Structure formats: C-alpha cells, structure tokens
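For reference, the structure is listed below as structure tokens.
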Amino acid sequence: MSLAIHVGLTAFYAVAFLWIIRECSFFKIAGLSSRAMQILFGVKLLAGFGLWAIYTWYYPYRNTSDAFKYFDDAMIIVDMLRSEPQHFFQFLFGINMDAPEIVAYFEEMHCWTSSYSYGIAHDNPTIIRINVLVGLVSFGMYHVHTVFFSFMSFIGLVALFKSISNTIPQSFRTFAFSLFICFPSILLWSSGVLKEGPLILGFGIMVYCLFQIRNSRRSARYYVGFLVSFAFLFTIKGYVILSALPAIISYVIFIFWSGAMRKWLFPAVHILLFLVALNAHHFFIGGDLIYVLGMKQTDFYNVARMTQAGSAIEIPKIESVTQFIVNSPSAVYRTFFRPDIRDVKGVFQLVGLLESLFTMAIITVVVVFRKKASEIRKGESLFLLSVVLSMGVLIGSVVPVVGALIRYKVPALIALLMLLFLVVDWKRLPLISRENARARLG
C-alpha cells in the first residue's frame with residue numbers, strides 16, 4: 001500500500017489511543033493532566049519510530065533483527081487467512097503444530113522455532129501471535145504495530161505507577177511518571193515492535209493487581225487480573241517470572257499472615273525456593289537451574305560470535321552452585337552499571353553510561369534519603385527489592401553482551417524506580433524542601 005495510506009492509518013490509531021488516554025478513567029492520575037499523559041504517550045511513539053529507524057539504517061539486518069523478525073513471521077501467518085484459513089487458526093491457537101503441512105511453514109519463518117529450549121517453554125510464538133492479532137487491523141503496515149505496542153507498554157507503565165503513586169507528593173508526580181517514560185532504556189525498548197511492550201503490559205497489570213489485593217482482598221477482579229497477567233508473562237519472558245516468583249510468593253504470604261516471624265518471611269522463602277530450584281531437575285527436564293543458566297550463557301556467547309557483537313564481555317562461567325552464589329554481586333553490578341567507562345565506543349554506549357550513572361544516583365538517593373522504617377510499606381518495598389536483586393543476579397550471570405544487558409534489565413530498572421518512589425522521604429530532598437518552603441511563604 002502507498003506511503004500515504006500507511007501514514008494515515010498509523011495516525012488514525014495514534015489519535016484513537018490519545019482519545020482513550022483522555023477519556024478513560026484508568027489513565028487519570030492526580031497531579032497529572034490528561035494533556036500531560038497524552039504528551040508522554042506521544043514521546044513513546046516518537047521513540048518507537050526512532051527504534052525502527054535505528055534497525056532500518058544503523059542495524060540493517062532484517063532477518064536477525066528482533067524489531068522485524070516477529071512482525072515478518074506474523075505477516076506470513078496473516079496471509080494464510082486468505083489462502084489457508086485452517087492453517088491460520090492452527091498457528092493462532094497452537095493446534096496440531098506437528099502436522100507436516102504446518103512444519104513446512106517453519107522454513108519460511110525466522111524465529112517461530114528455537115534450538116535453545118532445554119525443556120523450557122519457547123516464548124517467540126506468543127509475540128508473533130500478538131503481531132498476528134494486530135496484523136488483522138494493520139493490513140501489514142509496520143508502524144500501526146509500533147502504535148499498538150507503545151500503547152501496550154504505556155498501559156503497563158500507568159498500572160505500575162498507580163501501584164505506588166499515593167506515596168509521591170502530588171506536585172512531584174509529573175516528573176516521577178516522566179522517569180518511567182523518559183528513562184532511555186525503558187523508553188526505547190518498550191516503544192517498538194518487540195517483546196518489551198507486552199512484557200511491561202503484563203508486568204504492570206500483575207504488580208498492580210497484586211498490590212491491590214492487599215487493600216481489596218475480597219475483590220475477585222484483582223485475583224483474576226493477577227492470574228491472567230502471570231500466565232501471560234510466563235509466555236512472553238520466562239526470566240521475569242523466574243526472577244519475580246520468590247517475591248510474589250513472599251508477598252502473598254506476607255499480606256495474609258501476621259505471625260511473629262513475619263520479618264523473616266522474605267529471606268526464608270527465597271532460601272527455600274532456591275533450594276527447591278536446585279533440585280527441580282528430579283521432576284522435569286528444564287528444572288536443572290545451574291545447567292540451564294550455564295547453557296543460556298553459552299548460547300549468548302555463540303550468538304555474539306555469529307553476529308560479531310562489538311559489546312561482548314567476559315563474565316564468569318556458571319558451572320556450580322558455589323560459583324553462581326560467589327559471583328552474584330558482580331552480576332548485579334553488570335546488570336545495573338554496565339556499560340561503564342570501559343565500554344564506551346560510540347554514542348549508544350555513551351547513553352548507556354549516563355544511564356548507569358543515573359541508576360547509581362537513584363540507589364544513592366534511596367539509601368541516603370529513605371523514610372524511617374516505621375513509615376515504609378514493608379511488603380511492597382521488599383517485593384520490589386527482591387525483583388531488583390533477583391533480576392540483577394539472573395541477567396548479570398547469564399548475559400555477556402552489554403547491548404543485550406541494556407535491554408534485558410528494563411523490568412529491573414522499572415522496579416528500581418518504583419522502589420525509589422516508595423522508600424524515599426521526599427520531604428528530605430533539598431529540591432522538594434525548598435519547594436515546600438516557598439509554598440508556605442507564598
């Protein structure tokens with residue numbers, strides 16, 4: 001179709017979502033106007049178009065680019081609706097996928113199947129199916145998918161912010177929510193036709209429903225929302241669920257149990273689940289945690305060599321439980337503070353370095369300006385701290401490519417920002433203190 005039709009249809013859906021943001025009560029946040037929310041969504045759209053430009057001109061390898069391969073595979077399936085409707089529905093619902101006539105399509109596709117599974121569910125089909133559903137209304141126009149995926153992640157970010165917004169001064173909320181939208185890694189990777197958009201949608205709804213269960217235990221919609229989003233996340237990015245599972249179980253027990261040993265609940269559950277994970281291989285093939293993590297690390301190295309990734313780094317091998325535990329602190333450092341000065345080879349690494357420095361500043365603010373222990377919502381804070389550290393260890397142990405680290409840590413960065421807003425005593429920050437003083441004098 002012509003460029004004019006492509007632009008027109010993309011603009012139509014963008015305007016439709018801007019209207020939804022203005023009219024839907026879900027997007028109403030005290031301290032943020034509807035216009036501010038629309039502008040922030042517009043920023044995400046621009047980032048999504050920018051990501052397309054990067055993968056079109058800076059990294060022009062369409063067959064291996066995540067920004068295009070899920071879309072291209074989805075369009076193959078969408079075309080089946082006209083020529084072979086039965087095959088279309090088989091792909092959409094995963095029916096009889098071993099049939100020879102279905103397997104024949106795999107040769108045309110870039111990423112429906114994967115040789116890297118080790119007994120763990122392969123998540124590419126889910127993101128392809130999402131593109132198929134969008135493809136039914138996009139007519140193969142790529143940037144319509146950009147608009148939809150940006151909106152998915154925007155919903156997730158709003159849900160995450162609303163989970164902790166009551167802890168943030170109203171006058172400070174525009175800046176606080178802007179961090180969710182404008183933090184470079186979060187903004188770029190969650191705005192394109194990638195797994196991160198649906199990932200943040202599922203993560204946001206899961207956390208929002210989980211936190212609401214503590215306040216509305218009898219509301220069935222939050223239980224349903226949590227279960228649906230949990231299952232959805234499992235099919236999108238298994239590492240997020242793996243990292244968050246100890247936090248989820250600990251938090252659920254925390255809100256329903258008020259025993260004397262409650263303060264030891266989180267560390268006890270984490271230790272118990274780690275011991276279970278080390279012995280899970282007795283029950284299913286993908287349960288050998290150390291083996292699977294070691295093989296995933298090897299896969300990353302192999303892909304880095306095949307693609308000649310310029311940001312590959314050496315990290316300790318995962319060969320034993322002891323090595324994994326001993327190297328955990330350095331893994332957390334790699335996740336949150338790489339790229340550092342050693343990795344800067346161009347503008348993208350420089351932006352990553354600035355983000356690492358900003359992340360360090362966030363952690364400093366959390367430590368120096370935290371609330372009194374009695375004022376902190378312990379359950380939510382411990383939940384987020386668990387997610388931050390678990391993802392930090394998992395990602396930093398497995399991923400030996402700085403470029404991939406920047407992308408994989410997006411959910412962990414969001415959890416870190418939430419922890420910042422939840423734990424910090426904003427009245428102690430010099431900027432907020434001066435603002436409050438001027439308000440009193442005025």
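Each chain of the structure tokens is named A, B, ... in the order shown, its residues numbered from 1; ligands are numbered from 1 in display order.
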Could you build a table of the residues in range 137-207 of chain A lying no more than 7 Å from range 59-78 of chain A, giving for each the nearest pair of atoms and their separation in Å rounded to one decimal place, using only C-alpha atoms, ordered by chain and ascending residue number, as JSON lines?
```
{"residue": "A:Gly140", "atom": "CA", "partner": "A:Met75", "partner_atom": "CA", "distance": 6.7}
{"residue": "A:Gly192", "atom": "CA", "partner": "A:Ala67", "partner_atom": "CA", "distance": 7.0}
{"residue": "A:Val193", "atom": "CA", "partner": "A:Ala67", "partner_atom": "CA", "distance": 5.5}
{"residue": "A:Leu194", "atom": "CA", "partner": "A:Ala67", "partner_atom": "CA", "distance": 5.8}
```
Write a file of the selected residues as a PDB file, in the first residue's frame, keeping N, CA and C atoms.
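Result saved to part13.pdb:
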```pdb
ATOM      1  N   GLY A 140      -0.764  -5.092   7.329  1.00  0.00           N
ATOM      2  CA  GLY A 140       0.650  -5.231   7.021  1.00  0.00           C
ATOM      3  C   GLY A 140       1.462  -3.957   7.151  1.00  0.00           C
ATOM      4  N   GLY A 192       8.911  -0.110  20.809  1.00  0.00           N
ATOM      5  CA  GLY A 192       8.967  -0.689  19.471  1.00  0.00           C
ATOM      6  C   GLY A 192       8.226  -2.009  19.379  1.00  0.00           C
ATOM      7  N   VAL A 193       8.312  -2.643  18.216  1.00  0.00           N
ATOM      8  CA  VAL A 193       7.624  -3.913  17.968  1.00  0.00           C
ATOM      9  C   VAL A 193       8.509  -5.043  18.478  1.00  0.00           C
ATOM     10  N   LEU A 194       8.628  -5.111  19.809  1.00  0.00           N
ATOM     11  CA  LEU A 194       9.493  -6.056  20.497  1.00  0.00           C
ATOM     12  C   LEU A 194       8.722  -6.714  21.632  1.00  0.00           C
TER      13      LEU A 194
END
```
Determine which residues of range 152-364 of chain A DSSP labels as helix (DSSP H, G or I) from the backbone of this structure, then write them out as a PyMOL selection string. chain A and resi 152-167+170-182+184-189+196-215+220-236+238-256+262-278+280-282+285-287+289-306+321-326+328-337+341-343+347-364
Long-range neighbours of range 25-41 of chain A as an MDAnalysis selection string, 6 Å cut-off, only C-alpha atoms, 6 positions minimum in chain: chainID A and resid 18 170 173:174
Write out as number ranges by chain the residues lying within 6 Å of range 223-236 of chain A, counting only C-alpha atoms and excluding same-chain residues fewer than 5 positions away. A: 123, 202, 206, 209
Could you dump the residues just selected with C-alpha atoms as a PDB file, in the first residue's frame?
```pdb
ATOM      1  CA  ASP A 123       8.294 -17.628  24.065  1.00  0.00           C
ATOM      2  CA  GLY A 202       1.803  -7.996  31.747  1.00  0.00           C
ATOM      3  CA  MET A 206       0.409  -8.236  37.587  1.00  0.00           C
ATOM      4  CA  CYS A 209      -3.356  -6.356  40.905  1.00  0.00           C
TER       5      CYS A 209
END
```
d(CA of Val398 in chain A, CA of Asp288 in chain A) in Å: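 Answer for the CA of Val398 in chain A to CA of Asp288 in chain A separation: 14.8 Å.
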Given only C-alpha atoms as the basis, pick out the residue of A:Leu188, A:Ile253, A:Ala247, A:Leu201 nearest to Phe348 in chain A.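 Going through A:Leu188, A:Ile253, A:Ala247, A:Leu201 one by one, the smallest distance to Phe348 in chain A is for A:Leu188.
For the choices A:Val351, A:Ala53, A:Leu136, A:Ala220, the atom-to-atom distance to Arg82 in chain A is smallest for A:Leu136 when using only C-alpha atoms.
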Excluding Ser163 in chain A and any residue of its chain fewer than 5 positions from it, enumerate the residues within 8 Å of it, using only C-alpha atoms, and give them as an mmCIF file with N, CA and C atoms, in the first residue's frame.
```
data_model
loop_
_atom_site.group_PDB
_atom_site.id
_atom_site.type_symbol
_atom_site.label_atom_id
_atom_site.label_comp_id
_atom_site.auth_asym_id
_atom_site.auth_seq_id
_atom_site.Cartn_x
_atom_site.Cartn_y
_atom_site.Cartn_z
ATOM 1 N N VAL A 207 1.677 -6.589 38.861
ATOM 2 C CA VAL A 207 2.085 -5.890 40.087
ATOM 3 C C VAL A 207 0.935 -5.044 40.630
ATOM 4 N N TYR A 208 0.223 -4.358 39.754
ATOM 5 C CA TYR A 208 -0.897 -3.522 40.193
ATOM 6 C C TYR A 208 -1.957 -4.369 40.900
ATOM 7 N N PHE A 211 -0.631 -5.702 44.330
ATOM 8 C CA PHE A 211 -0.629 -4.684 45.385
ATOM 9 C C PHE A 211 -2.044 -4.320 45.811
ATOM 10 N N GLN A 212 -2.994 -4.361 44.877
ATOM 11 C CA GLN A 212 -4.376 -4.037 45.215
ATOM 12 C C GLN A 212 -5.025 -5.135 46.049
#
```
In Å, rounded to a single decimal, give me how far CA of Leu417 in chain A is from CA of Asn166 in chain A. 14.6 Å
Nearby residues (only C-alpha atoms) at most 9 Å from Val387 in chain A, same-chain spacing under 4 positions excluded, as a ChimeraX atom specification: /A:240,243-247,382-383,391-392,411-412,415-416
Expected file: the selected residues, C-alpha atoms, as an mmCIF file, in the first residue's frame:
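Final output, saved to result_0.cif:
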```cif
data_model
loop_
_atom_site.group_PDB
_atom_site.id
_atom_site.type_symbol
_atom_site.label_atom_id
_atom_site.label_comp_id
_atom_site.auth_asym_id
_atom_site.auth_seq_id
_atom_site.Cartn_x
_atom_site.Cartn_y
_atom_site.Cartn_z
ATOM 1 C CA VAL A 240 10.807 -12.195 34.522
ATOM 2 C CA SER A 243 13.008 -13.655 38.948
ATOM 3 C CA ALA A 244 9.737 -12.410 40.425
ATOM 4 C CA LEU A 245 8.399 -15.744 41.721
ATOM 5 C CA PRO A 246 10.169 -15.602 45.130
ATOM 6 C CA ALA A 247 8.920 -12.028 45.582
ATOM 7 C CA LEU A 382 10.608 -5.959 49.989
ATOM 8 C CA PHE A 383 8.768 -7.231 46.924
ATOM 9 C CA MET A 391 16.780 -9.922 38.092
ATOM 10 C CA GLY A 392 20.163 -8.323 38.689
ATOM 11 C CA PRO A 411 11.854 -4.569 34.083
ATOM 12 C CA ALA A 412 14.507 -4.401 36.812
ATOM 13 C CA ALA A 415 11.221 -2.000 39.774
ATOM 14 C CA LEU A 416 14.176 0.099 40.986
#
```
Env of range 256-271 of chain A: 12 Å cut, atoms = only C-alpha atoms, seq-sep filter 6 positions within chain, self excluded. Answer as a ChimeraX atom specification. /A:213-215,217,242-250,277-278,325,378-387,389-390
